[in-house]
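Printed here is model_20.txt (compact mmCIF, C-alpha atoms and all ligand atoms):
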```txt
# COMPACT_ATOMS: atom_id res chain seq x y z
CA MET S 1 6.81 24.91 -16.49
CA PRO S 2 3.47 23.72 -17.92
CA SER S 3 0.29 24.46 -15.98
CA GLN S 4 -1.24 21.07 -16.86
CA GLN S 5 0.11 17.51 -16.77
CA LYS S 6 -0.96 13.98 -17.64
CA ALA S 7 -1.84 11.58 -14.82
CA LEU S 8 -3.19 8.04 -14.63
CA ILE S 9 -6.26 8.32 -12.42
CA LEU S 10 -8.11 5.55 -10.59
CA ARG S 11 -11.51 7.23 -10.50
CA SER S 12 -13.18 5.08 -7.84
CA LYS S 13 -12.42 2.21 -5.47
CA GLN S 14 -11.85 -0.92 -7.59
CA GLY S 15 -12.74 1.17 -10.66
CA GLU S 16 -10.90 1.63 -13.94
CA PHE S 17 -7.76 3.64 -14.65
CA ALA S 18 -8.00 6.59 -17.08
CA LEU S 19 -5.52 9.13 -18.42
CA GLU S 20 -6.51 12.69 -17.55
CA ASP S 21 -5.12 16.23 -17.59
CA ILE S 22 -4.71 17.77 -14.14
CA PRO S 23 -2.96 20.92 -12.85
CA VAL S 24 0.75 20.95 -11.99
CA PRO S 25 0.88 21.96 -8.31
CA ALA S 26 3.21 24.55 -6.77
CA PRO S 27 5.48 23.55 -3.86
CA GLY S 28 4.79 24.83 -0.35
CA PRO S 29 7.66 26.09 1.84
CA HIS S 30 8.80 22.57 2.84
CA GLN S 31 8.07 20.81 -0.45
CA ILE S 32 9.81 20.10 -3.74
CA LEU S 33 8.28 19.80 -7.19
CA VAL S 34 9.82 16.98 -9.23
CA LYS S 35 9.50 16.22 -12.94
CA VAL S 36 9.03 12.43 -12.99
CA GLU S 37 11.39 10.99 -15.60
CA ALA S 38 10.68 7.37 -14.65
CA ALA S 39 8.11 5.57 -12.49
CA ALA S 40 8.28 1.89 -11.57
CA LEU S 41 5.35 -0.49 -11.10
CA ASN S 42 4.83 -2.52 -7.91
CA PRO S 43 2.49 -5.42 -7.10
CA LEU S 44 0.82 -3.14 -4.54
CA ASP S 45 -0.45 -0.92 -7.37
CA TRP S 46 -2.59 -3.68 -8.88
CA LYS S 47 -3.64 -4.89 -5.41
CA ILE S 48 -4.98 -1.43 -4.54
CA GLN S 49 -7.03 -1.40 -7.73
CA ALA S 50 -8.22 -5.01 -7.48
CA PHE S 51 -8.98 -5.23 -3.75
CA GLY S 52 -9.72 -1.61 -2.80
CA VAL S 53 -7.06 -1.63 -0.06
CA MET S 54 -4.73 1.10 1.24
CA ARG S 55 -6.37 4.14 -0.36
CA GLU S 56 -9.65 5.56 0.91
CA THR S 57 -9.88 8.82 -1.04
CA TYR S 58 -10.82 8.79 -4.72
CA PRO S 59 -10.10 9.73 -7.46
CA ALA S 60 -6.64 8.37 -6.62
CA ILE S 61 -3.24 8.47 -8.28
CA LEU S 62 -1.04 5.44 -7.54
CA GLY S 63 2.68 4.74 -7.97
CA PHE S 64 5.27 4.33 -5.21
CA ASP S 65 8.61 4.40 -7.04
CA GLY S 66 10.00 7.35 -8.95
CA ALA S 67 13.07 9.17 -10.21
CA GLY S 68 13.28 12.59 -11.74
CA VAL S 69 14.68 16.07 -11.64
CA VAL S 70 13.90 18.77 -9.09
CA GLU S 71 11.98 21.56 -10.86
CA ALA S 72 11.30 23.89 -7.93
CA VAL S 73 11.91 23.97 -4.18
CA GLY S 74 9.99 25.66 -1.37
CA ALA S 75 11.53 28.57 0.51
CA GLU S 76 12.48 26.46 3.55
CA VAL S 77 14.05 23.52 1.68
CA GLN S 78 17.77 23.27 2.46
CA ASP S 79 18.96 19.93 1.11
CA LEU S 80 17.95 20.00 -2.57
CA VAL S 81 18.17 22.52 -5.41
CA LYS S 82 16.56 22.87 -8.83
CA GLY S 83 18.26 20.49 -11.25
CA ASP S 84 19.11 17.73 -8.72
CA ARG S 85 18.49 14.20 -10.03
CA ILE S 86 16.66 12.32 -7.30
CA LEU S 87 15.02 8.99 -6.64
CA PHE S 88 12.14 8.91 -4.21
CA GLN S 89 9.38 6.90 -2.63
CA GLY S 90 5.91 8.34 -3.16
CA GLY S 91 2.43 6.92 -3.07
CA HIS S 92 1.20 8.23 0.23
CA ASP S 93 -1.25 10.65 -1.38
CA ASN S 94 -2.14 11.95 -4.84
CA ASN S 95 0.54 14.66 -4.83
CA SER S 96 3.42 12.27 -4.20
CA SER S 97 2.29 9.31 -6.30
CA THR S 98 4.42 8.63 -9.34
CA PHE S 99 1.91 7.71 -12.06
CA GLN S 100 1.86 11.35 -13.20
CA GLN S 101 4.31 13.75 -14.81
CA TYR S 102 5.06 15.98 -11.78
CA VAL S 103 4.99 15.14 -8.06
CA LEU S 104 5.09 17.21 -4.91
CA LEU S 105 7.25 15.70 -2.19
CA PRO S 106 8.04 16.69 1.36
CA ALA S 107 11.75 17.51 1.64
CA GLY S 108 13.60 14.88 3.67
CA VAL S 109 14.46 11.22 3.62
CA SER S 110 12.11 10.23 0.83
CA ALA S 111 14.30 11.85 -1.80
CA LYS S 112 17.94 11.17 -2.56
CA VAL S 113 20.39 12.38 -5.16
CA PHE S 114 21.90 9.54 -7.18
CA PRO S 115 25.07 9.28 -9.28
CA SER S 116 25.20 9.89 -13.04
CA THR S 117 26.18 6.26 -13.68
CA VAL S 118 22.61 5.25 -12.76
CA THR S 119 19.84 6.05 -15.27
CA TYR S 120 16.46 7.46 -14.27
CA ASP S 121 14.86 4.15 -15.27
CA GLU S 122 17.23 2.21 -13.02
CA ALA S 123 16.87 4.70 -10.18
CA ALA S 124 13.07 4.38 -10.22
CA SER S 125 13.40 0.67 -9.58
CA ILE S 126 15.23 1.18 -6.29
CA PRO S 127 13.16 2.82 -3.53
CA VAL S 128 10.46 0.29 -2.58
CA GLY S 129 12.49 -2.87 -3.18
CA LEU S 130 15.51 -1.56 -1.37
CA SER S 131 13.50 -0.15 1.52
CA ALA S 132 11.61 -3.38 2.12
CA ALA S 133 14.76 -5.47 2.17
CA ALA S 134 17.01 -3.00 3.96
CA LEU S 135 14.54 -1.97 6.65
CA GLY S 136 13.14 -5.48 7.12
CA LEU S 137 16.61 -6.77 7.91
CA PHE S 138 18.58 -3.79 9.19
CA SER S 139 16.27 -1.25 10.89
CA HIS S 140 18.41 -1.64 13.98
CA TYR S 141 16.75 1.11 16.01
CA ALA S 142 13.11 0.20 15.36
CA PRO S 143 11.09 -1.24 18.26
CA SER S 144 9.57 -3.81 15.87
CA GLY S 145 8.97 -4.49 12.19
CA SER S 146 12.55 -5.54 11.50
CA ALA S 147 15.11 -8.21 12.35
CA LYS S 148 17.04 -5.22 13.75
CA LEU S 149 20.42 -6.34 12.43
CA TYR S 150 23.13 -3.71 12.44
CA PRO S 151 23.07 -1.82 9.10
CA PRO S 152 26.01 -2.63 6.82
CA TRP S 153 25.85 0.90 5.43
CA GLU S 154 26.62 2.43 8.85
CA GLU S 155 30.07 2.73 10.37
CA GLY S 156 31.29 -0.62 11.66
CA GLY S 157 28.51 -2.50 9.87
CA ARG S 158 30.43 -4.16 7.08
CA GLY S 159 31.26 -7.79 7.66
CA LYS S 160 29.45 -7.82 10.99
CA TYR S 161 27.70 -11.11 10.23
CA VAL S 162 30.63 -12.83 8.64
CA ASN S 163 30.21 -16.59 8.32
CA GLN S 164 26.58 -16.49 9.47
CA PRO S 165 24.23 -18.15 6.98
CA ILE S 166 21.10 -16.50 5.58
CA VAL S 167 18.28 -17.69 3.33
CA ILE S 168 16.44 -15.26 1.05
CA LEU S 169 13.37 -16.81 -0.51
CA GLY S 170 12.56 -15.18 -3.86
CA GLY S 171 15.92 -13.67 -4.78
CA ALA S 172 14.69 -12.70 -8.25
CA SER S 173 11.78 -10.60 -6.99
CA SER S 174 12.31 -6.87 -6.73
CA VAL S 175 12.47 -7.01 -2.95
CA GLY S 176 14.63 -10.12 -2.95
CA HIS S 177 16.81 -8.60 -5.55
CA TYR S 178 16.86 -5.97 -3.06
CA GLY S 179 15.69 -2.97 -4.30
CA THR S 180 16.40 -4.50 -7.41
CA PRO S 181 17.62 -1.61 -8.33
CA VAL S 182 19.64 -1.24 -5.77
CA VAL S 183 20.90 -4.05 -4.37
CA SER S 184 18.84 -6.77 -3.67
CA SER S 185 18.69 -8.12 -0.24
CA ILE S 186 21.30 -10.47 -1.55
CA GLN S 187 23.71 -7.64 -2.13
CA LEU S 188 23.07 -6.12 1.28
CA ALA S 189 23.46 -9.45 2.97
CA GLU S 190 26.78 -9.83 1.23
CA LEU S 191 27.80 -6.38 2.37
CA ALA S 192 26.99 -7.41 5.92
CA GLY S 193 29.19 -10.45 5.52
CA PHE S 194 26.63 -13.27 5.59
CA SER S 195 27.81 -16.55 4.17
CA PRO S 196 26.51 -18.72 2.73
CA ILE S 197 23.76 -16.64 1.09
CA ILE S 198 21.17 -19.14 -0.10
CA THR S 199 18.28 -18.03 -2.28
CA THR S 200 15.41 -19.55 -4.25
CA ALA S 201 14.40 -18.66 -7.81
CA SER S 202 13.62 -20.12 -11.19
CA PRO S 203 16.79 -21.89 -12.35
CA ARG S 204 17.14 -19.49 -15.32
CA ASN S 205 17.92 -16.69 -12.83
CA ALA S 206 20.69 -18.55 -11.01
CA ASP S 207 23.62 -16.83 -12.74
CA LEU S 208 22.09 -13.40 -12.23
CA LEU S 209 21.61 -14.00 -8.52
CA LYS S 210 25.12 -15.36 -8.12
CA SER S 211 26.43 -12.21 -9.78
CA LEU S 212 24.65 -10.26 -7.03
CA GLY S 213 26.26 -12.25 -4.22
CA ALA S 214 24.17 -15.38 -3.72
CA THR S 215 26.38 -18.37 -3.02
CA HIS S 216 23.67 -20.98 -3.68
CA VAL S 217 20.50 -20.74 -5.79
CA LEU S 218 17.87 -23.40 -5.15
CA ASP S 219 14.90 -24.11 -7.40
CA ARG S 220 11.84 -22.21 -6.17
CA SER S 221 9.66 -25.24 -6.95
CA LEU S 222 11.22 -27.34 -4.16
CA THR S 223 8.71 -28.51 -1.56
CA ALA S 224 9.20 -27.28 2.01
CA ASP S 225 10.69 -30.62 3.00
CA ALA S 226 13.03 -30.70 0.02
CA LEU S 227 14.14 -27.14 0.74
CA GLY S 228 15.07 -28.20 4.28
CA VAL S 229 17.09 -31.11 2.91
CA GLU S 230 18.92 -28.92 0.38
CA VAL S 231 19.87 -26.15 2.83
CA ALA S 232 21.10 -28.78 5.32
CA LYS S 233 23.46 -30.05 2.61
CA ILE S 234 24.92 -26.54 2.29
CA THR S 235 25.43 -25.74 5.98
CA SER S 236 24.78 -27.29 9.36
CA GLN S 237 24.73 -23.86 11.04
CA PRO S 238 21.35 -22.61 12.30
CA PHE S 239 19.55 -19.88 10.34
CA GLU S 240 19.04 -17.01 12.78
CA VAL S 241 17.44 -14.94 10.00
CA VAL S 242 15.41 -15.99 6.96
CA PHE S 243 14.08 -13.30 4.62
CA ASP S 244 10.96 -14.21 2.66
CA ALA S 245 10.76 -11.75 -0.23
CA VAL S 246 7.72 -13.52 -1.73
CA GLY S 247 5.36 -13.61 1.25
CA LEU S 248 3.01 -16.39 0.13
CA PRO S 249 1.72 -18.78 2.81
CA ALA S 250 3.83 -21.54 1.24
CA THR S 251 7.07 -19.54 1.30
CA GLN S 252 6.44 -18.23 4.81
CA ASN S 253 5.83 -21.73 6.13
CA SER S 254 8.91 -23.11 4.34
CA ALA S 255 10.96 -20.28 5.81
CA PHE S 256 9.62 -20.91 9.31
CA ASP S 257 10.54 -24.60 9.04
CA ILE S 258 14.22 -23.94 8.36
CA LEU S 259 14.57 -21.18 10.94
CA ALA S 260 16.69 -21.63 14.11
CA GLN S 261 14.67 -22.11 17.31
CA GLU S 262 15.15 -18.46 18.37
CA GLY S 263 15.38 -17.22 14.78
CA GLN S 264 13.59 -14.39 12.98
CA LEU S 265 11.55 -14.77 9.81
CA VAL S 266 11.15 -11.44 8.01
CA THR S 267 8.40 -11.50 5.41
CA VAL S 268 6.99 -8.95 2.99
CA ARG S 269 3.36 -9.86 3.57
CA GLN S 270 1.01 -10.49 6.45
CA ASP S 271 1.99 -13.35 8.77
CA ALA S 272 0.58 -16.57 7.31
CA VAL S 273 2.50 -19.13 9.34
CA GLY S 274 0.24 -21.82 10.80
CA GLU S 275 -0.71 -21.36 14.46
CA ALA S 276 -0.08 -25.04 15.26
CA LYS S 277 3.45 -24.68 13.89
CA LYS S 278 4.05 -21.59 16.01
CA ALA S 279 2.83 -23.35 19.14
CA VAL S 280 5.45 -26.07 18.64
CA HIS S 281 8.22 -23.49 18.10
CA PRO S 282 7.40 -20.57 20.42
CA GLY S 283 10.91 -19.10 20.14
CA LYS S 284 10.66 -18.43 16.40
CA ARG S 285 9.49 -14.92 15.48
CA VAL S 286 7.61 -13.80 12.37
CA ILE S 287 8.13 -10.15 11.39
CA GLN S 288 6.22 -8.37 8.64
CA VAL S 289 8.18 -5.51 7.15
CA TYR S 290 6.56 -2.28 6.02
CA GLY S 291 9.19 -0.99 3.64
CA SER S 292 8.37 2.68 3.80
CA LEU S 293 11.11 5.23 4.37
CA ALA S 294 8.49 7.53 5.87
CA VAL S 295 7.45 5.24 8.75
CA PRO S 296 8.51 6.96 11.99
CA TYR S 297 9.98 3.83 13.62
CA HIS S 298 12.25 3.29 10.60
CA HIS S 299 13.34 6.91 10.54
CA LYS S 300 16.88 6.53 11.89
CA ALA S 301 17.84 3.59 9.67
CA ALA S 302 16.04 5.12 6.68
CA ALA S 303 17.91 8.41 7.11
CA SER S 304 21.30 6.69 7.31
CA LEU S 305 20.44 4.49 4.31
CA CYS S 306 19.46 7.53 2.25
CA ALA S 307 22.64 9.32 3.29
CA ALA S 308 24.78 6.34 2.21
CA LEU S 309 22.83 5.42 -0.92
CA SER S 310 24.64 7.56 -3.46
CA SER S 311 28.07 6.22 -2.48
CA LEU S 312 26.76 2.63 -2.25
CA LEU S 313 25.55 3.02 -5.84
CA GLU S 314 28.78 4.67 -6.96
CA GLU S 315 30.96 1.91 -5.56
CA GLY S 316 28.62 -0.75 -6.96
CA ALA S 317 27.85 -2.25 -3.54
CA ILE S 318 24.24 -1.79 -4.52
CA LYS S 319 23.45 -2.39 -8.16
CA PRO S 320 20.27 -1.32 -9.89
CA MET S 321 17.94 -4.04 -11.03
CA ARG S 322 17.29 -4.96 -14.66
CA VAL S 323 14.49 -2.72 -15.97
CA GLU S 324 12.01 -3.09 -18.80
CA VAL S 325 10.70 0.24 -20.10
CA LEU S 326 7.08 -0.04 -21.19
CA PRO S 327 6.02 1.89 -24.31
CA GLY S 328 3.43 4.67 -24.25
CA GLY S 329 4.39 6.44 -21.05
CA LEU S 330 1.63 6.37 -18.43
CA ALA S 331 -0.61 4.53 -20.92
CA GLY S 332 1.65 1.47 -20.55
CA ILE S 333 0.89 1.03 -16.86
CA VAL S 334 -2.44 -0.81 -17.08
CA SER S 335 -1.12 -3.71 -19.15
CA GLY S 336 2.09 -3.72 -17.08
CA LEU S 337 0.07 -4.18 -13.88
CA GLU S 338 -1.81 -7.05 -15.55
CA ARG S 339 1.52 -8.74 -16.23
CA LEU S 340 2.57 -8.34 -12.60
CA LYS S 341 -0.78 -9.73 -11.47
CA ASP S 342 -0.40 -12.74 -13.79
CA ASN S 343 3.16 -13.45 -12.54
CA GLN S 344 4.53 -12.71 -16.00
CA VAL S 345 7.51 -10.66 -14.82
CA SER S 346 10.75 -12.36 -13.84
CA ALA S 347 13.81 -10.69 -12.35
CA ALA S 348 12.95 -7.29 -13.78
CA LYS S 349 11.27 -4.05 -12.82
CA LEU S 350 8.64 -2.60 -15.14
CA VAL S 351 9.17 1.12 -15.66
CA VAL S 352 7.33 3.89 -17.55
CA ARG S 353 8.47 7.33 -18.61
CA PRO S 354 5.51 9.63 -17.86
CA HIS S 355 6.64 12.32 -20.33
CA GLU S 356 6.34 9.85 -23.23
CA THR S 357 2.56 9.87 -22.66
CA ARG S 358 0.60 11.10 -25.73
N1 LIG N 1 6.01 -5.16 2.87
C1 LIG N 1 6.51 -4.30 1.99
O1 LIG N 1 6.94 -3.21 2.33
C2 LIG N 1 6.56 -4.69 0.55
C3 LIG N 1 7.29 -3.92 -0.35
C4 LIG N 1 7.36 -4.33 -1.67
C5 LIG N 1 6.69 -5.48 -2.07
N2 LIG N 1 5.97 -6.17 -1.17
C6 LIG N 1 5.27 -7.41 -1.57
O2 LIG N 1 6.30 -8.36 -1.79
C7 LIG N 1 5.91 -9.24 -2.85
C8 LIG N 1 7.01 -9.20 -3.90
O3 LIG N 1 7.03 -7.91 -4.49
P1 LIG N 1 8.08 -7.58 -5.63
O4 LIG N 1 7.86 -6.20 -6.09
O5 LIG N 1 9.42 -7.95 -5.16
O6 LIG N 1 7.56 -8.62 -6.74
P2 LIG N 1 8.12 -9.00 -8.17
O7 LIG N 1 9.47 -8.42 -8.40
O8 LIG N 1 7.08 -8.72 -9.17
O9 LIG N 1 8.23 -10.59 -8.00
C9 LIG N 1 8.39 -11.40 -9.12
C10 LIG N 1 9.44 -12.44 -8.78
O10 LIG N 1 9.01 -13.23 -7.69
C11 LIG N 1 9.66 -14.47 -7.76
N3 LIG N 1 8.80 -15.48 -7.14
C12 LIG N 1 7.46 -15.60 -7.22
N4 LIG N 1 7.02 -16.66 -6.50
C13 LIG N 1 8.13 -17.24 -5.97
C14 LIG N 1 8.34 -18.37 -5.13
N5 LIG N 1 7.32 -19.14 -4.71
N6 LIG N 1 9.59 -18.64 -4.75
C15 LIG N 1 10.64 -17.89 -5.16
N7 LIG N 1 10.51 -16.81 -5.98
C16 LIG N 1 9.26 -16.50 -6.36
C17 LIG N 1 9.82 -14.75 -9.26
O11 LIG N 1 11.08 -15.35 -9.38
P3 LIG N 1 11.54 -16.19 -10.68
O12 LIG N 1 11.43 -15.23 -11.82
O13 LIG N 1 12.95 -16.59 -10.38
O14 LIG N 1 10.59 -17.34 -10.80
C18 LIG N 1 9.75 -13.35 -9.91
O15 LIG N 1 10.98 -12.97 -10.50
C19 LIG N 1 4.56 -8.74 -3.33
O16 LIG N 1 3.54 -9.49 -2.69
C20 LIG N 1 4.52 -7.30 -2.87
O17 LIG N 1 3.21 -6.82 -2.70
C21 LIG N 1 5.88 -5.82 0.13
```

As C-alpha cells, how would this structure be written, given the file I've shared?
Amino acid sequence: MPSQQKALILRSKQGEFALEDIPVPAPGPHQILVKVEAAALNPLDWKIQAFGVMRETYPAILGFDGAGVVEAVGAEVQDLVKGDRILFQGGHDNNSSTFQQYVLLPAGVSAKVFPSTVTYDEAASIPVGLSAAALGLFSHYAPSGSAKLYPPWEEGGRGKYVNQPIVILGGASSVGHYGTPVVSSIQLAELAGFSPIITTASPRNADLLKSLGATHVLDRSLTADALGVEVAKITSQPFEVVFDAVGLPATQNSAFDILAQEGQLVTVRQDAVGEAKKAVHPGKRVIQVYGSLAVPYHHKAAASLCAALSSLLEEGAIKPMRVEVLPGGLAGIVSGLERLKDNQVSAAKLVVRPHETR
C-alpha cells in the first residue's frame, strides 16, 4: 500500500482544480479503505466549482460516483472483506470523494459488491443516477422526497403498476437512464410494470431508450403544448406520476401540465413550477428528490436497493449505462466537467481511472 496518492483538489471556493499528492488514510474501526478503479463525473461536480454550493470546507475533493476494490477494513466491519469489488456513493467529505486514488468509506449501505459481468467503469456510473431515480420514485417508507411507490426490487413489487402510464422526461440523461449504469428510471419503471413508458430525448437516442424499456420516445424539442398533444395520442389514462430527470424550469412546467389532478411530479432539481399554475391545480404535487443513499429518510429503501442490486445487475434487470473513459486519469476530469457544463455529453457517463494519473 503506498503512503501517498494523487488527488484532484479544488483549493478554494470557486477556485481552480489542481493535481496534488496527499497521504493515503488508514481506516478506523467502522471504515473501509477502497482503491478507486473508476470514478464517474456528475453535473453537480461542475456546479460546486462554478457556484460555490454544497461544500463549505476547502481545499475540497469532489466526486460522488466510484467503483473499486476493498484494500483494508476496520476491525468492526462485518459485511466486506479485502478484495471485494464494490461500487459506492461518496462525495460527502474529502475522505469519501472519488476524484482521488483511495477513499475511506463508512461501512454500510453506501457500498455494494457487484457481479463480475459489470466492469469497474460501468459500475462507477451507477450509484448517483440509480439512487436519484430509484429513491425519487420508490422510497416507499420516506415521509417526503419521493413519490413513495412500492419498490419493484422488494418482494411483491414487480408488476405492481401494470398498465399504469408514466412519463420520464430526459430518458437519455444519467438519472433518466436510471443510474445509467444501472438501469435507468426507464428500466425500473418497466420492472414495476408501468405501461406505456413514455420518455423524451434527442431522436438519435430513441433506439437506445427503447432497448431499455421505453415504449415511446418523443423529441425533447417539443413545446409543452405539443408534448401534451403527443402523450394524449398515446394514452387517455391520467399520469399519476411524471419523473423529470432534467429538472429545468421548462421540463418541470411541461411535466406539471401533463400530470393528473392528484398526480406527483418528481424532479431532480429545485421546484421551478410557476406559482400561478400551482394555484390552479392545488392537487398536483412537486417533489424534489435528493438521490443520496445516506439520507436517513431514504435509509430503508436504500438498504433494500443495495441488497438487491447485485442480483438485479446479474439478471440484467438493471443495465449499466454506456461509459466514455477519459484519458489521463484524474487529469481528464477538468475538461470532462467542461463538456458536461456545455451540454456536450449525450446518453453516456464520463468516467476516469484515477490510477492512470501521471
Ligand atoms: N437530485 C439529485 O439527487 C440529482 C442526482 C443526480 C443528478 N441531478 C441533476 O439532474 C440533472 C441531470 O443529471 P444527469 O447526471 O442525469 O445529467 P446528464 O446525464 O449529463 O444529462 C445529459 C442528458 O440530458 C438530456 N437532456 C438535456 N436537456 C434535456 C431536455 N430538455 N429534455 C430531455 N432530455 C434532455 C440529454 O439528452 P439527449 O442526449 O437525448 O439530448 C443528455 O443525454 C442535473 O441537473 C443534475 O445536477 C440531481

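Among the candidates S:Asn253, S:Ser144, S:Thr235, S:Ser292, the residue lying nearest to ligand LIG 1 (chain N) is S:Ser292 (atoms considered: only C-alpha atoms and all ligand atoms).
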
Practice prompt. Record the distance separating CA of Ala224 (chain S) and CA of Gln252 (chain S), expressed in Å with one decimal.
Written response: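 So the answer is 9.9 Å.
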
Fill in: Expected answer as number ranges by chain: residues within 7 Å of ligand LIG 1 (chain N), all atoms listed in the file
S: 42-44, 128-129, 132, 169-176, 200-203, 205, 220-221, 245-247, 251, 268-269, 288-292, 340, 343, 345-349

Worksheet entry | Shortest interatomic distance to Lys35 (chain S) - which of S:Gly68, S:Pro2, S:Gly274, S:Gly156, counting all atoms listed in the file | S:Gly68

Response to the item:
Using all atoms listed in the file, the shortest atom-to-atom distance to Ala301 (chain S) among S:Ala124, S:Ile198, S:Ala134, S:Ala107 belongs to S:Ala134

Practice prompt. For Glu122 (chain S), list every protein, DNA or RNA residue within 10 Å, evaluated using only C-alpha atoms, and leave out those in the same chain fewer than 5 positions away; present the list as a list in words.
Written response: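 The residues that qualify are Ala38, Ala39, Ala40, Gly66, Ala67, Leu87, Thr117, Thr180, Pro181, Val182, Lys319, Pro320, Met321, Arg322, Val323, Glu324, Val325, Lys349 and Val351 of chain S.
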
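With CA of Ala111 (chain S) on one side and CA of Leu312 (chain S) on the other, the separation reads 15.5 Å.
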
Worksheet entry | Atomic separation - CA of Arg85 (chain S) relative to CA of Val34 (chain S), Å |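 Between CA of Val34 (chain S) and CA of Arg85 (chain S) the gap is 9.1 Å.
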
Reconstructed region 226-243 of chain S, atom set N, CA and C atoms, as a short mmCIF file (atom, residue, chain, number, x, y, z; two decimals), in the frame of the given file:
```cif
data_model
loop_
_atom_site.label_atom_id
_atom_site.label_comp_id
_atom_site.auth_asym_id
_atom_site.auth_seq_id
_atom_site.Cartn_x
_atom_site.Cartn_y
_atom_site.Cartn_z
N ALA S 226 11.85 -30.61 0.88
CA ALA S 226 13.03 -30.70 0.02
C ALA S 226 13.94 -29.48 0.23
N LEU S 227 13.33 -28.34 0.47
CA LEU S 227 14.14 -27.14 0.74
C LEU S 227 14.99 -27.36 2.00
N GLY S 228 14.34 -27.91 3.03
CA GLY S 228 15.07 -28.20 4.28
C GLY S 228 16.24 -29.14 4.04
N VAL S 229 16.02 -30.14 3.22
CA VAL S 229 17.09 -31.11 2.91
C VAL S 229 18.23 -30.41 2.18
N GLU S 230 17.88 -29.57 1.20
CA GLU S 230 18.92 -28.92 0.38
C GLU S 230 19.74 -27.92 1.20
N VAL S 231 19.08 -27.12 2.05
CA VAL S 231 19.87 -26.15 2.83
C VAL S 231 20.76 -26.87 3.85
N ALA S 232 20.29 -28.02 4.36
CA ALA S 232 21.10 -28.78 5.32
C ALA S 232 22.35 -29.35 4.66
N LYS S 233 22.27 -29.57 3.32
CA LYS S 233 23.46 -30.05 2.61
C LYS S 233 24.49 -28.93 2.48
N ILE S 234 24.02 -27.68 2.51
CA ILE S 234 24.92 -26.54 2.29
C ILE S 234 25.61 -26.13 3.59
N THR S 235 24.84 -26.12 4.69
CA THR S 235 25.43 -25.74 5.98
C THR S 235 24.69 -26.42 7.12
N SER S 236 25.43 -26.73 8.18
CA SER S 236 24.78 -27.29 9.36
C SER S 236 24.52 -26.20 10.40
N GLN S 237 24.95 -24.97 10.08
CA GLN S 237 24.73 -23.86 11.04
C GLN S 237 23.24 -23.49 11.07
N PRO S 238 22.75 -23.02 12.23
CA PRO S 238 21.35 -22.61 12.30
C PRO S 238 21.11 -21.28 11.57
N PHE S 239 19.91 -21.14 11.02
CA PHE S 239 19.55 -19.88 10.34
C PHE S 239 18.86 -18.95 11.34
N GLU S 240 19.62 -17.97 11.82
CA GLU S 240 19.04 -17.01 12.78
C GLU S 240 18.09 -16.06 12.08
N VAL S 241 18.31 -15.84 10.78
CA VAL S 241 17.44 -14.94 10.00
C VAL S 241 17.13 -15.60 8.65
N VAL S 242 15.84 -15.61 8.31
CA VAL S 242 15.41 -15.99 6.96
C VAL S 242 14.56 -14.84 6.45
N PHE S 243 14.85 -14.40 5.21
CA PHE S 243 14.08 -13.30 4.62
C PHE S 243 13.21 -13.87 3.51
#
```
